[in-house]
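Asker: So here's target.cif (mmCIF, C-alpha atoms).
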data_upload
loop_
_atom_site.group_PDB
_atom_site.id
_atom_site.type_symbol
_atom_site.label_atom_id
_atom_site.label_comp_id
_atom_site.auth_asym_id
_atom_site.auth_seq_id
_atom_site.Cartn_x
_atom_site.Cartn_y
_atom_site.Cartn_z
ATOM 1 C CA MET A 173 -12.263 -26.133 216.458
ATOM 2 C CA ARG A 174 -13.622 -22.545 216.579
ATOM 3 C CA LEU A 175 -12.564 -20.191 213.844
ATOM 4 C CA ALA A 176 -12.707 -16.434 214.347
ATOM 5 C CA PRO A 177 -14.058 -14.337 211.478
ATOM 6 C CA LYS A 178 -11.175 -13.670 209.191
ATOM 7 C CA GLY A 179 -11.155 -9.889 209.373
ATOM 8 C CA GLY A 180 -7.837 -9.553 207.574
ATOM 9 C CA ALA A 181 -8.956 -11.808 204.756
ATOM 10 C CA ARG A 182 -12.217 -9.887 204.417
ATOM 11 C CA LEU A 183 -10.362 -6.600 204.261
ATOM 12 C CA ARG A 184 -8.070 -7.998 201.581
ATOM 13 C CA GLU A 185 -11.082 -9.265 199.644
ATOM 14 C CA LEU A 186 -12.691 -5.834 199.954
ATOM 15 C CA ALA A 187 -9.509 -4.163 198.723
ATOM 16 C CA VAL A 188 -9.337 -6.551 195.759
ATOM 17 C CA THR A 189 -12.969 -6.026 194.687
ATOM 18 C CA THR A 190 -12.922 -2.235 195.082
ATOM 19 C CA SER A 191 -9.618 -2.060 193.181
ATOM 20 C CA ALA A 192 -11.035 -4.299 190.454
ATOM 21 C CA ILE A 193 -14.150 -2.102 190.160
ATOM 22 C CA ALA A 194 -11.933 0.981 189.962
ATOM 23 C CA ALA A 195 -9.728 -0.633 187.318
ATOM 24 C CA ILE A 196 -12.694 -1.712 185.170
ATOM 25 C CA THR A 197 -14.143 1.802 185.516
ATOM 26 C CA LEU A 198 -10.843 3.291 184.391
ATOM 27 C CA VAL A 199 -10.660 1.031 181.319
ATOM 28 C CA LEU A 200 -14.312 1.495 180.281
ATOM 29 C CA GLY A 201 -14.360 5.232 180.932
ATOM 30 C CA THR A 202 -11.139 5.772 179.002
ATOM 31 C CA ALA A 203 -12.256 3.554 176.112
ATOM 32 C CA ALA A 204 -15.656 5.250 175.913
ATOM 33 C CA ASN A 205 -14.138 8.701 175.857
ATOM 34 C CA VAL A 206 -11.699 7.694 173.130
ATOM 35 C CA VAL A 207 -14.207 6.118 170.730
ATOM 36 C CA SER A 208 -17.421 7.990 171.510
ATOM 37 C CA PRO A 209 -18.560 10.640 169.036
ATOM 38 C CA ARG A 210 -19.634 12.604 172.115
ATOM 39 C CA ARG A 211 -16.212 12.450 173.758
ATOM 40 C CA ILE A 212 -15.093 15.465 175.725
ATOM 41 C CA ALA A 213 -11.659 16.901 176.454
ATOM 42 C CA TRP A 214 -9.879 15.204 179.345
ATOM 43 C CA THR A 215 -9.421 18.568 180.969
ATOM 44 C CA GLU A 216 -10.891 21.910 180.068
ATOM 45 C CA ASP A 217 -10.372 25.485 181.131
ATOM 46 C CA TRP A 218 -13.821 26.122 182.532
ATOM 47 C CA SER A 219 -12.859 29.640 183.616
ATOM 48 C CA HIS A 220 -13.703 30.816 180.064
ATOM 49 C CA TYR A 221 -17.095 29.151 180.231
ATOM 50 C CA ILE A 222 -19.767 31.830 180.205
ATOM 51 C CA GLU A 223 -21.351 30.607 183.431
ATOM 52 C CA ALA A 224 -17.985 30.713 185.225
ATOM 53 C CA ARG A 225 -17.513 34.310 184.127
ATOM 54 C CA ALA A 226 -21.053 35.170 185.221
ATOM 55 C CA ILE A 227 -20.520 33.612 188.624
ATOM 56 C CA ARG A 228 -17.291 35.608 189.042
ATOM 57 C CA GLU A 229 -19.231 38.787 188.233
ATOM 58 C CA GLY A 230 -21.969 37.911 190.708
ATOM 59 C CA LEU A 231 -24.612 37.575 187.984
ATOM 60 C CA SER A 232 -27.621 35.332 188.456
ATOM 61 C CA LEU A 233 -28.233 32.733 185.768
ATOM 62 C CA ILE A 234 -31.574 31.392 184.656
ATOM 63 C CA THR A 235 -32.520 28.245 182.779
ATOM 64 C CA THR A 236 -34.781 27.996 179.744
ATOM 65 C CA ALA A 237 -37.681 26.975 181.989
ATOM 66 C CA GLN A 238 -37.152 30.006 184.206
ATOM 67 C CA ALA A 239 -36.824 32.295 181.184
ATOM 68 C CA HIS A 240 -40.078 30.920 179.806
ATOM 69 C CA ASP A 241 -41.728 31.414 183.184
ATOM 70 C CA PHE A 242 -40.651 35.092 183.227
ATOM 71 C CA PHE A 243 -41.858 35.442 179.636
ATOM 72 C CA VAL A 244 -45.285 33.971 180.369
ATOM 73 C CA LYS A 245 -45.744 36.023 183.528
ATOM 74 C CA GLY A 246 -44.410 39.144 181.836
ATOM 75 C CA THR A 247 -42.328 40.037 184.843
ATOM 76 C CA HIS A 248 -39.049 40.756 183.016
ATOM 77 C CA LEU A 249 -37.894 42.800 180.069
ATOM 78 C CA PHE A 250 -35.916 40.673 177.628
ATOM 79 C CA LEU A 251 -32.911 42.329 176.009
ATOM 80 C CA ASP A 252 -31.479 40.678 172.909
ATOM 81 C CA ALA A 253 -27.738 41.322 172.749
ATOM 82 C CA ARG A 254 -27.205 39.859 169.266
ATOM 83 C CA THR A 255 -26.730 41.815 166.099
ATOM 84 C CA ASP A 256 -29.666 43.600 164.502
ATOM 85 C CA GLU A 257 -29.739 41.028 161.690
ATOM 86 C CA GLU A 258 -29.976 38.127 164.097
ATOM 87 C CA TYR A 259 -32.656 39.958 166.065
ATOM 88 C CA ARG A 260 -34.746 40.480 162.927
ATOM 89 C CA ALA A 261 -34.337 36.847 161.892
ATOM 90 C CA GLY A 262 -35.880 35.554 165.110
ATOM 91 C CA ARG A 263 -36.146 36.586 168.753
ATOM 92 C CA ILE A 264 -38.023 36.010 171.978
ATOM 93 C CA PRO A 265 -41.353 37.839 171.467
ATOM 94 C CA GLY A 266 -41.341 41.303 172.974
ATOM 95 C CA ALA A 267 -37.563 41.440 173.380
ATOM 96 C CA PHE A 268 -35.761 44.744 172.801
ATOM 97 C CA SER A 269 -32.740 44.815 170.566
ATOM 98 C CA VAL A 270 -29.632 46.005 172.390
ATOM 99 C CA PRO A 271 -26.786 44.713 170.224
ATOM 100 C CA PHE A 272 -23.670 44.733 172.323
ATOM 101 C CA THR A 273 -21.650 45.737 169.276
ATOM 102 C CA ALA A 274 -23.665 48.972 169.075
ATOM 103 C CA LEU A 275 -24.255 49.537 172.754
ATOM 104 C CA GLU A 276 -23.660 53.293 172.778
ATOM 105 C CA SER A 277 -26.555 53.936 170.415
ATOM 106 C CA SER A 278 -28.988 51.264 171.578
ATOM 107 C CA LEU A 279 -28.676 51.361 175.344
ATOM 108 C CA PRO A 280 -29.803 54.955 176.103
ATOM 109 C CA GLU A 281 -33.110 54.279 174.359
ATOM 110 C CA VAL A 282 -33.804 51.293 176.602
ATOM 111 C CA GLN A 283 -32.498 53.003 179.717
ATOM 112 C CA GLN A 284 -35.134 55.713 179.381
ATOM 113 C CA LEU A 285 -37.817 53.048 179.815
ATOM 114 C CA LEU A 286 -36.352 51.478 182.918
ATOM 115 C CA SER A 287 -36.079 52.138 186.593
ATOM 116 C CA PRO A 288 -32.854 50.870 188.214
ATOM 117 C CA SER A 289 -34.604 47.892 189.799
ATOM 118 C CA PHE A 290 -36.586 46.829 186.733
ATOM 119 C CA PRO A 291 -36.170 43.054 186.184
ATOM 120 C CA ILE A 292 -34.145 42.382 183.031
ATOM 121 C CA VAL A 293 -33.099 39.226 181.205
ATOM 122 C CA THR A 294 -30.230 39.404 178.732
ATOM 123 C CA TYR A 295 -29.654 36.742 176.109
ATOM 124 C CA CYS A 296 -27.783 36.056 172.895
ATOM 125 C CA SER A 297 -27.535 32.903 170.753
ATOM 126 C CA GLY A 298 -26.260 30.466 173.333
ATOM 127 C CA GLU A 299 -23.307 29.465 175.434
ATOM 128 C CA ALA A 300 -20.884 30.064 172.586
ATOM 129 C CA CYS A 301 -21.634 33.801 172.547
ATOM 130 C CA ASP A 302 -20.795 36.249 175.300
ATOM 131 C CA GLU A 303 -22.675 39.393 174.235
ATOM 132 C CA SER A 304 -25.495 38.764 176.711
ATOM 133 C CA PHE A 305 -22.959 38.322 179.510
ATOM 134 C CA LEU A 306 -21.110 41.517 178.529
ATOM 135 C CA LEU A 307 -24.397 43.406 178.253
ATOM 136 C CA ALA A 308 -25.481 42.192 181.694
ATOM 137 C CA VAL A 309 -22.166 43.293 183.184
ATOM 138 C CA GLU A 310 -22.492 46.696 181.525
ATOM 139 C CA LEU A 311 -26.071 47.129 182.747
ATOM 140 C CA LYS A 312 -25.000 46.312 186.282
ATOM 141 C CA ARG A 313 -22.117 48.759 185.964
ATOM 142 C CA GLN A 314 -24.610 51.426 184.958
ATOM 143 C CA GLY A 315 -26.627 50.879 188.114
ATOM 144 C CA LEU A 316 -29.338 48.433 187.034
ATOM 145 C CA THR A 317 -29.658 46.093 189.958
ATOM 146 C CA ASN A 318 -32.018 43.355 188.774
ATOM 147 C CA VAL A 319 -30.298 41.826 185.754
ATOM 148 C CA VAL A 320 -30.221 38.087 185.140
ATOM 149 C CA LEU A 321 -28.427 36.206 182.387
ATOM 150 C CA TYR A 322 -30.124 33.622 180.204
ATOM 151 C CA ALA A 323 -26.881 32.003 179.070
ATOM 152 C CA SER A 324 -28.452 29.138 177.111
ATOM 153 C CA GLY A 325 -29.898 31.786 174.837
ATOM 154 C CA PHE A 326 -32.156 31.892 171.821
ATOM 155 C CA ASP A 327 -30.997 28.549 170.369
ATOM 156 C CA LYS A 328 -32.177 26.620 173.443
ATOM 157 C CA TRP A 329 -35.328 28.740 173.563
ATOM 158 C CA VAL A 330 -36.258 27.621 170.061
ATOM 159 C CA GLU A 331 -35.100 24.062 170.754
ATOM 160 C CA ALA A 332 -37.508 23.937 173.691
ATOM 161 C CA GLY A 333 -40.364 24.829 171.332
ATOM 162 C CA HIS A 334 -41.050 28.244 172.826
ATOM 163 C CA PRO A 335 -42.511 31.007 170.624
ATOM 164 C CA ALA A 336 -40.385 33.315 168.557
ATOM 165 C CA GLU A 337 -41.129 36.332 166.426
ATOM 166 C CA ARG A 338 -39.283 37.829 163.508
ATOM 167 C CA GLY A 339 -39.137 41.062 161.577
ATOM 168 C CA PRO A 340 -38.144 44.593 162.546
ATOM 169 C CA MET B 289 -35.148 -13.521 205.318
ATOM 170 C CA ARG B 290 -31.801 -11.740 205.688
ATOM 171 C CA ARG B 291 -30.800 -12.960 202.262
ATOM 172 C CA ALA B 292 -34.047 -11.635 200.757
ATOM 173 C CA ILE B 293 -33.496 -8.198 202.321
ATOM 174 C CA GLU B 294 -29.912 -8.181 201.081
ATOM 175 C CA TRP B 295 -31.030 -8.970 197.529
ATOM 176 C CA LEU B 296 -33.875 -6.463 197.676
ATOM 177 C CA CYS B 297 -31.564 -3.631 198.733
ATOM 178 C CA ALA B 298 -28.910 -4.689 196.203
ATOM 179 C CA ILE B 299 -31.423 -4.742 193.345
ATOM 180 C CA LEU B 300 -32.891 -1.386 194.427
ATOM 181 C CA LEU B 301 -29.445 0.240 194.467
ATOM 182 C CA ALA B 302 -28.441 -1.383 191.181
ATOM 183 C CA VAL B 303 -31.603 -0.142 189.427
ATOM 184 C CA VAL B 304 -31.183 3.383 190.821
ATOM 185 C CA PHE B 305 -27.534 3.647 189.774
ATOM 186 C CA LEU B 306 -28.121 2.098 186.357
ATOM 187 C CA ALA B 307 -30.886 4.632 185.737
ATOM 188 C CA ALA B 308 -28.600 7.390 186.977
ATOM 189 C CA CYS B 309 -25.575 6.543 184.847
ATOM 190 C CA ILE B 310 -27.268 6.207 181.437
ATOM 191 C CA PRO B 311 -28.000 9.904 180.698
ATOM 192 C CA LYS B 312 -24.540 10.851 181.996
ATOM 193 C CA ILE B 313 -22.783 8.352 179.736
ATOM 194 C CA ALA B 314 -24.983 9.418 176.813
ATOM 195 C CA SER B 315 -24.217 13.138 177.284
ATOM 196 C CA PRO B 316 -20.822 13.589 178.933
ATOM 197 C CA HIS B 317 -20.658 17.294 178.078
ATOM 198 C CA ASP B 318 -24.026 17.993 179.697
ATOM 199 C CA PHE B 319 -22.938 16.050 182.762
ATOM 200 C CA ALA B 320 -19.680 18.046 182.880
ATOM 201 C CA VAL B 321 -21.768 21.225 182.878
ATOM 202 C CA ALA B 322 -23.868 19.798 185.727
ATOM 203 C CA VAL B 323 -20.667 19.043 187.680
ATOM 204 C CA PHE B 324 -19.334 22.521 186.908
ATOM 205 C CA ARG B 325 -22.540 24.105 188.204
ATOM 206 C CA TYR B 326 -21.960 22.552 191.617
ATOM 207 C CA GLN B 327 -18.978 24.943 191.878
ATOM 208 C CA ILE B 328 -17.098 22.529 194.120
ATOM 209 C CA LEU B 329 -14.512 20.680 192.030
ATOM 210 C CA PRO B 330 -11.398 22.427 190.683
ATOM 211 C CA HIS B 331 -11.867 23.102 186.976
ATOM 212 C CA GLY B 332 -9.132 20.620 186.036
ATOM 213 C CA LEU B 333 -11.107 17.758 187.574
ATOM 214 C CA ILE B 334 -14.562 18.536 186.160
ATOM 215 C CA ASN B 335 -14.213 16.659 182.867
ATOM 216 C CA LEU B 336 -12.428 13.720 184.488
ATOM 217 C CA ALA B 337 -15.287 13.413 186.972
ATOM 218 C CA ALA B 338 -17.794 13.629 184.105
ATOM 219 C CA ILE B 339 -15.955 10.911 182.171
ATOM 220 C CA TYR B 340 -15.363 8.381 184.952
ATOM 221 C CA LEU B 341 -18.101 8.896 187.547
ATOM 222 C CA PRO B 342 -20.951 7.468 185.412
ATOM 223 C CA TRP B 343 -18.861 4.401 184.600
ATOM 224 C CA LEU B 344 -18.074 3.934 188.286
ATOM 225 C CA GLU B 345 -21.821 4.009 188.906
ATOM 226 C CA LEU B 346 -22.427 1.491 186.121
ATOM 227 C CA VAL B 347 -19.681 -0.954 187.112
ATOM 228 C CA SER B 348 -20.597 -0.740 190.812
ATOM 229 C CA ALA B 349 -24.284 -1.276 190.057
ATOM 230 C CA VAL B 350 -23.524 -4.401 188.018
ATOM 231 C CA ALA B 351 -20.979 -5.647 190.586
ATOM 232 C CA LEU B 352 -23.605 -5.277 193.297
ATOM 233 C CA LEU B 353 -25.583 -8.070 191.649
ATOM 234 C CA ALA B 354 -22.643 -10.478 191.863
ATOM 235 C CA PRO B 355 -22.442 -11.844 195.436
ATOM 236 C CA GLY B 356 -18.649 -12.112 195.377
ATOM 237 C CA TRP B 357 -18.298 -8.428 194.458
ATOM 238 C CA ARG B 358 -21.162 -7.114 196.537
ATOM 239 C CA ARG B 359 -19.294 -5.789 199.567
ATOM 240 C CA GLY B 360 -16.818 -3.821 197.497
ATOM 241 C CA ALA B 361 -19.563 -2.395 195.283
ATOM 242 C CA ALA B 362 -21.722 -1.503 198.284
ATOM 243 C CA TRP B 363 -18.837 0.358 199.927
ATOM 244 C CA ILE B 364 -18.200 2.356 196.761
ATOM 245 C CA LEU B 365 -21.884 3.226 196.310
ATOM 246 C CA PHE B 366 -22.181 4.143 199.999
ATOM 247 C CA ALA B 367 -19.184 6.470 199.684
ATOM 248 C CA MET B 368 -20.503 8.012 196.450
ATOM 249 C CA LEU B 369 -23.924 8.625 197.982
ATOM 250 C CA ALA B 370 -22.301 10.267 201.020
ATOM 251 C CA VAL B 371 -20.196 12.556 198.804
ATOM 252 C CA PHE B 372 -23.198 13.474 196.616
ATOM 253 C CA ALA B 373 -25.369 14.183 199.668
ATOM 254 C CA ALA B 374 -22.644 16.329 201.210
ATOM 255 C CA ALA B 375 -22.175 18.277 197.956
ATOM 256 C CA MET B 376 -25.912 18.926 197.630
ATOM 257 C CA ALA B 377 -26.248 19.924 201.298
ATOM 258 C CA PHE B 378 -23.219 22.232 200.969
ATOM 259 C CA ASN B 379 -24.770 24.012 197.976
ATOM 260 C CA LEU B 380 -28.196 24.248 199.569
ATOM 261 C CA ALA B 381 -26.635 25.707 202.704
ATOM 262 C CA ARG B 382 -24.729 28.371 200.754
ATOM 263 C CA GLY B 383 -27.663 29.172 198.486
ATOM 264 C CA VAL B 384 -26.318 27.787 195.208
ATOM 265 C CA ASN B 385 -29.388 26.511 193.390
ATOM 266 C CA VAL B 386 -28.318 23.911 190.861
ATOM 267 C CA SER B 387 -30.033 20.882 189.458
ATOM 268 C CA CYS B 388 -29.131 17.594 191.090
ATOM 269 C CA GLY B 389 -27.617 16.075 187.942
ATOM 270 C CA CYS B 390 -28.658 12.712 189.343
ATOM 271 C CA PHE B 391 -31.025 11.213 186.771
ATOM 272 C CA SER B 392 -31.151 13.994 184.208
ATOM 273 C CA VAL B 393 -28.340 16.230 183.017
ATOM 274 C CA GLY B 394 -30.457 18.690 181.061
ATOM 275 C CA GLU B 395 -30.208 22.348 182.064
ATOM 276 C CA ASP B 396 -33.860 22.292 183.052
ATOM 277 C CA ALA B 397 -33.586 19.340 185.404
ATOM 278 C CA ALA B 398 -35.284 20.213 188.669
ATOM 279 C CA VAL B 399 -33.215 22.231 191.109
ATOM 280 C CA SER B 400 -32.071 20.005 193.932
ATOM 281 C CA GLY B 401 -33.525 20.443 197.385
ATOM 282 C CA TRP B 402 -33.320 18.812 200.785
ATOM 283 C CA TRP B 403 -35.532 16.057 199.364
ATOM 284 C CA ASN B 404 -32.568 14.958 197.220
ATOM 285 C CA VAL B 405 -30.312 14.868 200.282
ATOM 286 C CA ALA B 406 -32.906 12.799 202.158
ATOM 287 C CA ARG B 407 -33.212 10.428 199.193
ATOM 288 C CA ASN B 408 -29.456 9.920 199.170
ATOM 289 C CA ILE B 409 -29.443 9.219 202.885
ATOM 290 C CA ALA B 410 -32.207 6.632 202.376
ATOM 291 C CA LEU B 411 -30.121 4.990 199.644
ATOM 292 C CA MET B 412 -27.106 5.071 201.963
ATOM 293 C CA ALA B 413 -29.223 3.160 204.461
ATOM 294 C CA ALA B 414 -29.943 0.551 201.773
ATOM 295 C CA ALA B 415 -26.212 0.287 201.011
ATOM 296 C CA PHE B 416 -25.529 -0.066 204.732
ATOM 297 C CA VAL B 417 -28.050 -2.917 204.946
ATOM 298 C CA VAL B 418 -26.270 -4.634 202.061
ATOM 299 C CA LEU B 419 -22.930 -4.193 203.814
ATOM 300 C CA ARG B 420 -24.245 -5.525 207.115
ATOM 301 C CA THR B 421 -26.101 -8.504 205.699
ATOM 302 C CA THR B 422 -23.347 -9.463 203.268
ATOM 303 C CA GLY B 423 -20.863 -9.202 206.115
ATOM 304 C CA LYS B 424 -22.946 -11.458 208.346
ATOM 305 C CA LYS B 425 -23.224 -14.054 205.667
ATOM 306 C CA GLN B 426 -19.492 -14.102 205.146
ATOM 307 C CA ALA B 427 -18.904 -14.383 208.893
ATOM 308 C CA ASP B 428 -21.185 -17.403 208.890
ATOM 309 C CA LEU B 429 -18.872 -19.066 206.448
ATOM 310 C CA HIS B 430 -16.154 -18.953 209.095
ATOM 311 C CA PRO B 431 -17.908 -20.379 212.164
ATOM 312 C CA VAL B 432 -16.710 -19.167 215.566
#
Taking this structure as input, can you express it in the form of structure tokens?
Answerer:
Amino acid sequence: MRLAPKGGARLRELAVTTSAIAAITLVLGTAANVVSPRRIAWTEDWSHYIEARAIREGLSLITTAQAHDFFVKGTHLFLDARTDEEYRAGRIPGAFSVPFTALESSLPEVQQLLSPSFPIVTYCSGEACDESFLLAVELKRQGLTNVVLYASGFDKWVEAGHPAERGP
Amino acid sequence: MRRAIEWLCAILLAVVFLAACIPKIASPHDFAVAVFRYQILPHGLINLAAIYLPWLELVSAVALLAPGWRRGAAWILFAMLAVFAAAMAFNLARGVNVSCGCFSVGEDAAVSGWWNVARNIALMAAAFVVLRTTGKKQADLHPV
């Protein structure tokens, strides 16, 4: 007797195994995200995330490696958007202090040094702060065309072992 | 010979996906950021993808090593690889430079390029071989 390949049975078997894999995934993923100390929210409003806001504003973002590359090559001016105290406590070497909270007094001084297309990097502490984003938006609004945002900020810079300087 | 090729491709895929899922499971937030940076998924699905996708990779990779589960696992991995390749190609085509998020979820992971798309297509070929050879073997069990 000749038996044809049992296509229907194979499809059923495929459906059973893929469903079982999906079910196990669901159980393990759920369990891990319930018990793990690194669990994350099931859903999150990413529109408040600094990178989402930057993308909406058409700002370019750079990573720590890119920021370090610009720093080493000396191609960009780094603007520190944190408070003066934070700036004095530690900053990317050579960065100018432009605290967003005192923008009216600090920005004109820097603007005198720059042409509209001068490459600028803005940064603050990290992704939890938005001063660097707000500063970048303001600089763009004032006609500076080559502004990039280092959203990971000074915390990641230090974490990566890159140099920092302190003092006035 | 066919059986050896089937096992070779299955082990290759299993190793690749096991290596890929570990950093994602270890750092779900970083993986969520990597998914977000692709700018493809609706925001409401980003964390869910970051929570479940690595486990789907892990379970499928393990299942691939069990002959009875192999076809199902190979189909899932094939589909995942196709989706990942399409997402990377889409971003490369529209000029969004993001890291692959494949084996490292750090912000400084290398920006993905067409090499990553080609690698995924090569892995899809391996999954296809597994599907074909596993299918043949099963057909042999039901002689015509």
Asker: Since I can't run it myself right now, could you work out what the PyMOL selection byres ((chain A and resi 220) around 12) selects here and report it as a PDB file with C-alpha atoms, in the frame of the given file?
Answerer:
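Full text of selection12.pdb as output:
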ATOM      1  CA  GLU A 216     -10.891  21.910 180.068  1.00  0.00           C
ATOM      2  CA  ASP A 217     -10.372  25.485 181.131  1.00  0.00           C
ATOM      3  CA  TRP A 218     -13.821  26.122 182.532  1.00  0.00           C
ATOM      4  CA  SER A 219     -12.859  29.640 183.616  1.00  0.00           C
ATOM      5  CA  TYR A 221     -17.095  29.151 180.231  1.00  0.00           C
ATOM      6  CA  ILE A 222     -19.767  31.830 180.205  1.00  0.00           C
ATOM      7  CA  GLU A 223     -21.351  30.607 183.431  1.00  0.00           C
ATOM      8  CA  ALA A 224     -17.985  30.713 185.225  1.00  0.00           C
ATOM      9  CA  ARG A 225     -17.513  34.310 184.127  1.00  0.00           C
ATOM     10  CA  ALA A 226     -21.053  35.170 185.221  1.00  0.00           C
ATOM     11  CA  ILE A 227     -20.520  33.612 188.624  1.00  0.00           C
ATOM     12  CA  ARG A 228     -17.291  35.608 189.042  1.00  0.00           C
ATOM     13  CA  GLU A 299     -23.307  29.465 175.434  1.00  0.00           C
ATOM     14  CA  ALA A 300     -20.884  30.064 172.586  1.00  0.00           C
ATOM     15  CA  CYS A 301     -21.634  33.801 172.547  1.00  0.00           C
ATOM     16  CA  ASP A 302     -20.795  36.249 175.300  1.00  0.00           C
ATOM     17  CA  PHE A 305     -22.959  38.322 179.510  1.00  0.00           C
TER      18      PHE A 305
ATOM     19  CA  HIS B 331     -11.867  23.102 186.976  1.00  0.00           C
TER      20      HIS B 331
END
Asker: Provide as an NGL selection string the residues of chain A at most 10 Å from chain B, counting only C-alpha atoms.
Answerer: :A and (173-179 or 182-183 or 185-202 or 204-205 or 208 or 210-219 or 221 or 223-224 or 227 or 233-238 or 324 or 328)
Asker: For atom CA of A:Gly325 and atom CA of B:Asn404, determine how far apart the two atoms are, in Å to one decimal place.
Answerer: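 These atoms are spaced 28.1 Å apart.
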Asker: Go ahead and compute the interatomic distance for atom CA of B:Ala406 and atom CA of B:Ala373, in Å to one decimal.
Answerer: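 So the answer is 8.1 Å.
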Asker: With 6 Å added on each side, what axis-aligned box encloses every listed atom of stretch 289-298 of chain B? Give the centre and edge lengths in Å to one decimal, as JSON.
Answerer:
{"center_x": -32.0, "center_y": -8.6, "center_z": 200.9, "size_x": 18.2, "size_y": 21.9, "size_z": 21.5}
Asker: Given the point (-29.3, 36.1, 167.6) in the file's coordinates, find the residues that have an atom at most 8 Å from it, counting only C-alpha atoms, and give them as a list in words.
Answerer: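 Residues satisfying the cut-off, written out: Asp252, Ala253, Arg254, Thr255, Glu257, Glu258, Tyr259, Ala261, Gly262, Arg263, Cys296, Ser297 and Phe326 of chain A.
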Asker: Quick one, how far is atom CA of B:Ala292 from atom CA of B:Leu352?
Answerer: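 Computing the Euclidean distance for atom CA of B:Ala292 and atom CA of B:Leu352 yields 14.3 Å.
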Asker: Select, from A:Val330, A:Phe268, A:Lys245, A:Leu251, the residue with the minimum atom-to-atom distance to A:Ser304, counting only C-alpha atoms.
Answerer: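 Closest to A:Ser304 of all the choices is A:Leu251.
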Asker: Hey, what comes out of the PyMOL selection byres ((chain A and resi 316) around 9) on this file? Could you write it as a PDB file with C-alpha atoms, in the coordinates of the input?
Answerer:
ATOM      1  CA  LEU A 286     -36.352  51.478 182.918  1.00  0.00           C
ATOM      2  CA  SER A 287     -36.079  52.138 186.593  1.00  0.00           C
ATOM      3  CA  PRO A 288     -32.854  50.870 188.214  1.00  0.00           C
ATOM      4  CA  SER A 289     -34.604  47.892 189.799  1.00  0.00           C
ATOM      5  CA  PHE A 290     -36.586  46.829 186.733  1.00  0.00           C
ATOM      6  CA  PRO A 291     -36.170  43.054 186.184  1.00  0.00           C
ATOM      7  CA  ILE A 292     -34.145  42.382 183.031  1.00  0.00           C
ATOM      8  CA  GLU A 310     -22.492  46.696 181.525  1.00  0.00           C
ATOM      9  CA  LEU A 311     -26.071  47.129 182.747  1.00  0.00           C
ATOM     10  CA  LYS A 312     -25.000  46.312 186.282  1.00  0.00           C
ATOM     11  CA  ARG A 313     -22.117  48.759 185.964  1.00  0.00           C
ATOM     12  CA  GLN A 314     -24.610  51.426 184.958  1.00  0.00           C
ATOM     13  CA  GLY A 315     -26.627  50.879 188.114  1.00  0.00           C
ATOM     14  CA  THR A 317     -29.658  46.093 189.958  1.00  0.00           C
ATOM     15  CA  ASN A 318     -32.018  43.355 188.774  1.00  0.00           C
ATOM     16  CA  VAL A 319     -30.298  41.826 185.754  1.00  0.00           C
TER      17      VAL A 319
END
Asker: Tell me which of A:Val207, A:Trp329, A:Phe250, A:Gln284 sits closest to A:Leu307, counting all atoms listed in the file.
Answerer: A:Phe250
Asker: Can you tell me which residues surround B:Ser400 at a distance of at most 10 Å, considering all atoms listed in the file, apart from same-chain residues fewer than 6 positions away, and format the answer as a list of chain:residue names?
Answerer: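 My reading of the contact set: B:Met376, B:Ala377, B:Asn379, B:Leu380, B:Val384, B:Asn385, B:Val386, B:Ser387, B:Cys388, B:Gly389, B:Cys390.
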Asker: Written as a list in words, which residues does the PyMOL selection byres ((chain B and resi 299) around 12) give for the file shown?
Answerer: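 That selection, the PyMOL selection byres ((chain B and resi 299) around 12), comes back as Ala292, Ile293, Glu294, Trp295, Leu296, Cys297, Ala298, Leu300, Leu301, Ala302, Val303, Val304, Phe305, Leu306, Ser348, Ala349, Val350, Ala351, Leu352, Leu353, Ala354, Pro355, Arg358, Ala362, Leu411, Ala414, Ala415 and Val418 of chain B.
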Asker: Taking N, CA, C and O atoms as the atom set, what does stretch 368-373 of chain B look like once completed, written as a short mmCIF file (atom, residue, chain, number, x, y, z; two decimals), in the frame of the given file?
Answerer:
data_model
loop_
_atom_site.label_atom_id
_atom_site.label_comp_id
_atom_site.auth_asym_id
_atom_site.auth_seq_id
_atom_site.Cartn_x
_atom_site.Cartn_y
_atom_site.Cartn_z
N MET B 368 -20.03 7.05 197.46
CA MET B 368 -20.50 8.01 196.45
C MET B 368 -21.74 8.75 196.93
O MET B 368 -21.85 9.96 196.79
N LEU B 369 -22.69 8.00 197.50
CA LEU B 369 -23.92 8.62 197.98
C LEU B 369 -23.63 9.66 199.07
O LEU B 369 -24.23 10.73 199.12
N ALA B 370 -22.66 9.33 199.95
CA ALA B 370 -22.30 10.27 201.02
C ALA B 370 -21.70 11.55 200.43
O ALA B 370 -22.03 12.66 200.85
N VAL B 371 -20.83 11.39 199.44
CA VAL B 371 -20.20 12.56 198.80
C VAL B 371 -21.25 13.40 198.08
O VAL B 371 -21.27 14.63 198.21
N PHE B 372 -22.15 12.74 197.34
CA PHE B 372 -23.20 13.47 196.62
C PHE B 372 -24.11 14.22 197.60
O PHE B 372 -24.45 15.39 197.38
N ALA B 373 -24.48 13.55 198.68
CA ALA B 373 -25.37 14.18 199.67
C ALA B 373 -24.68 15.38 200.30
O ALA B 373 -25.29 16.45 200.48
#
